Amino acid sequence: MNSTPKISIVTPSFNQGAFLSETLRSVLDQNYPNLEYVVVDGGSTDNSVDIIEQHAVRLAWWVSEKDAGQYDAINKGFARTSGDVMAWINSDDKYLPWTFSLVAEIFANRPEVQWLTSSYPLFWDNAGRVVNCFHYDGFNRKAFLRGAYMSDMPWWTRGWIMQEATFWRRSLWERAGGRIDTSLTIAADFELWARFYQHAELFGVGVPLAGFRVHQTQKTASQMETYRREAEGILRRLGGRPPGPLRTFWLRKRARLLTWFARKQGAGVGPRPHRHLLLHGGCMGGWVIKR
């Protein structure tokens, strides 16, 4: 890869005109010099098409037509791309202004990194303001198979791998099947991460890269139980083994104790069983891998 690898971004959209302009601008206003941006609209009946047309000259391709849903739209969009680095961002989420330049630098200079995400996921509100931020101490395959990257499950969890902040190499995408599973209702991102993990570890970048917008009309809010059910099924088919009641009790107890101790000492919070972090070298420059 050269220092500015081509980044291919796909946005699936359907009747999200209230947020779509912010999403498009979060991609285009970074002025990344080697961007391939595709927007796939499912035949919206609001003002979405007007918004897309305003930015059409800067898009690699776009379409507005009836499709078989979000995951069909994403597959359709990626089929039109050729970039070295890939990701999708839904039509109500947003990137940060520095996202593409950091992602490109990491992929250009760290060949061992096949996919990455932010270890500082953000959450936007309706008005596009950041209203929450978490910190994850990296990621690893073993924790994934133990069900750690889910939420509100009966076992110990750490939180989601945030889809909008996740990027991967095209070579990994192709090795993992080169498609999104359209048979799933809402957990196809989790299923894709499961396939990626069969080939490579995930690295967490020590800065925010994107944010998930929380609003009442989003599909995730109304179908969270479906997401959990689909994700658990995917995990168990892969041989994943979430912790049982006794281990869950111990992990939660340990987390509370460590959180209390950390607050007393003014240090970091919670247990740190994870790894694969990408941290910037500061005045020395470059990206340092902390395993």
# chains A, B, ... in the order shown; residues from 1 in each chain; ligands from 1
>>> closest_atom_pairs(of="range 37-111 of chain A", to="range 168-188 of chain A", cutoff="10 Å", atoms="only C-alpha atoms", output="tab-separated table")
residue	atom	partner	partner_atom	distance
A:Ala68	CA	A:Thr182	CA	8.5
A:Gly69	CA	A:Thr182	CA	8.2
A:Gln70	CA	A:Thr182	CA	8.4
A:Tyr71	CA	A:Thr182	CA	5.4
A:Asp72	CA	A:Thr182	CA	6.1
A:Ala73	CA	A:Thr182	CA	9.6
A:Ile74	CA	A:Ile180	CA	7.4
A:Asn75	CA	A:Arg179	CA	6.1
A:Lys76	CA	A:Arg179	CA	9.5
A:Phe78	CA	A:Arg179	CA	8.4
A:Ala79	CA	A:Arg179	CA	9.0
A:Thr81	CA	A:Arg170	CA	10.0
A:Ser82	CA	A:Arg170	CA	8.2
A:Gly83	CA	A:Arg170	CA	7.1
A:Asp84	CA	A:Arg170	CA	5.3
A:Val85	CA	A:Arg169	CA	4.6
A:Met86	CA	A:Trp168	CA	5.4
A:Ala87	CA	A:Trp168	CA	6.7
A:Val103	CA	A:Trp168	CA	9.6
A:Phe107	CA	A:Arg169	CA	8.0
A:Pro111	CA	A:Arg169	CA	9.9
>>> residues_around(residues="Ser13 in chain A", least_positions_apart="6", cutoff="10 Å", atoms="only C-alpha atoms", output="PDB file with C-alpha atoms, in the first residue's frame")
ATOM      1  CA  LEU A  20     -28.396  11.674   5.926  1.00  0.00           C
ATOM      2  CA  VAL A  39     -24.509   5.447  -1.428  1.00  0.00           C
ATOM      3  CA  VAL A  40     -27.264   2.856  -1.890  1.00  0.00           C
ATOM      4  CA  ASP A  41     -30.748   4.174  -1.201  1.00  0.00           C
ATOM      5  CA  GLY A  42     -33.639   1.742  -0.972  1.00  0.00           C
ATOM      6  CA  GLY A  43     -36.141   3.920  -2.801  1.00  0.00           C
ATOM      7  CA  SER A  44     -36.767   6.520  -0.108  1.00  0.00           C
ATOM      8  CA  SER A  48     -33.156  11.530   0.864  1.00  0.00           C
ATOM      9  CA  VAL A  49     -32.709  11.501  -2.911  1.00  0.00           C
ATOM     10  CA  SER A  64     -32.113   4.831  -5.355  1.00  0.00           C
ATOM     11  CA  GLY A  69     -33.069  -4.500   2.871  1.00  0.00           C
ATOM     12  CA  GLN A  70     -30.009  -2.967   4.505  1.00  0.00           C
ATOM     13  CA  ALA A  73     -27.877  -2.688  -0.111  1.00  0.00           C
ATOM     14  CA  ILE A  74     -24.436  -3.013   1.528  1.00  0.00           C
ATOM     15  CA  ILE A  89     -21.483   3.718   7.748  1.00  0.00           C
ATOM     16  CA  ASN A  90     -25.225   3.760   8.214  1.00  0.00           C
ATOM     17  CA  SER A  91     -27.194   6.828   7.191  1.00  0.00           C
ATOM     18  CA  ASP A  92     -27.689   8.156  10.727  1.00  0.00           C
TER      19      ASP A  92
END
>>> select_by_dssp(residues="range 32-271 of chain A", states="alpha helix (DSSP H)", output="ChimeraX atom specification")
/A:48-54,70-78,99-109,141-145,170-175,188-197,219-222,224-237,245-265
>>> closest_residue(among="A:Gly17, A:Pro33, A:Gly281, A:Gly204", to="Pro5 in chain A", atoms="only C-alpha atoms")
A:Pro33
>>> atom_distance(atom1="CA of Ser8 in chain A", atom2="CA of Tyr37 in chain A")
5.9 Å
>>> residues_around(residues="Gln163 in chain A", least_positions_apart="5", cutoff="10 Å", atoms="only C-alpha atoms", output="list in words")
Ala87, Trp88, Ile89, Asn90, Thr117, Ser118, Pro121, Asp189, Phe190, Trp193, Ala210, Gly211 and Phe212 of chain A
>>> residues_around(residues="Arg228 in chain A", least_positions_apart="4", cutoff="8 Å", atoms="only C-alpha atoms", output="number ranges by chain")
A: 150-151, 153, 187, 224, 232
>>> write_last_selection(atoms="N, CA and C atoms", output="PDB file, in the first residue's frame")
ATOM      1  N   MET A 150     -20.779  -8.331  23.440  1.00  0.00           N
ATOM      2  CA  MET A 150     -22.223  -8.218  23.303  1.00  0.00           C
ATOM      3  C   MET A 150     -22.679  -7.305  24.437  1.00  0.00           C
ATOM      4  N   SER A 151     -23.961  -7.234  24.693  1.00  0.00           N
ATOM      5  CA  SER A 151     -24.425  -6.361  25.771  1.00  0.00           C
ATOM      6  C   SER A 151     -25.751  -6.868  26.312  1.00  0.00           C
ATOM      7  N   MET A 153     -26.509  -9.319  28.221  1.00  0.00           N
ATOM      8  CA  MET A 153     -26.683 -10.766  28.174  1.00  0.00           C
ATOM      9  C   MET A 153     -26.655 -11.319  29.602  1.00  0.00           C
ATOM     10  N   ALA A 187     -28.187  -8.700  12.877  1.00  0.00           N
ATOM     11  CA  ALA A 187     -26.873  -8.978  13.461  1.00  0.00           C
ATOM     12  C   ALA A 187     -25.832  -9.398  12.428  1.00  0.00           C
ATOM     13  N   MET A 224     -33.460  -4.823  19.384  1.00  0.00           N
ATOM     14  CA  MET A 224     -32.288  -5.236  20.132  1.00  0.00           C
ATOM     15  C   MET A 224     -32.379  -6.686  20.593  1.00  0.00           C
ATOM     16  N   GLU A 232     -26.133 -14.477  19.602  1.00  0.00           N
ATOM     17  CA  GLU A 232     -25.844 -15.648  20.431  1.00  0.00           C
ATOM     18  C   GLU A 232     -25.853 -16.919  19.593  1.00  0.00           C
TER      19      GLU A 232
END
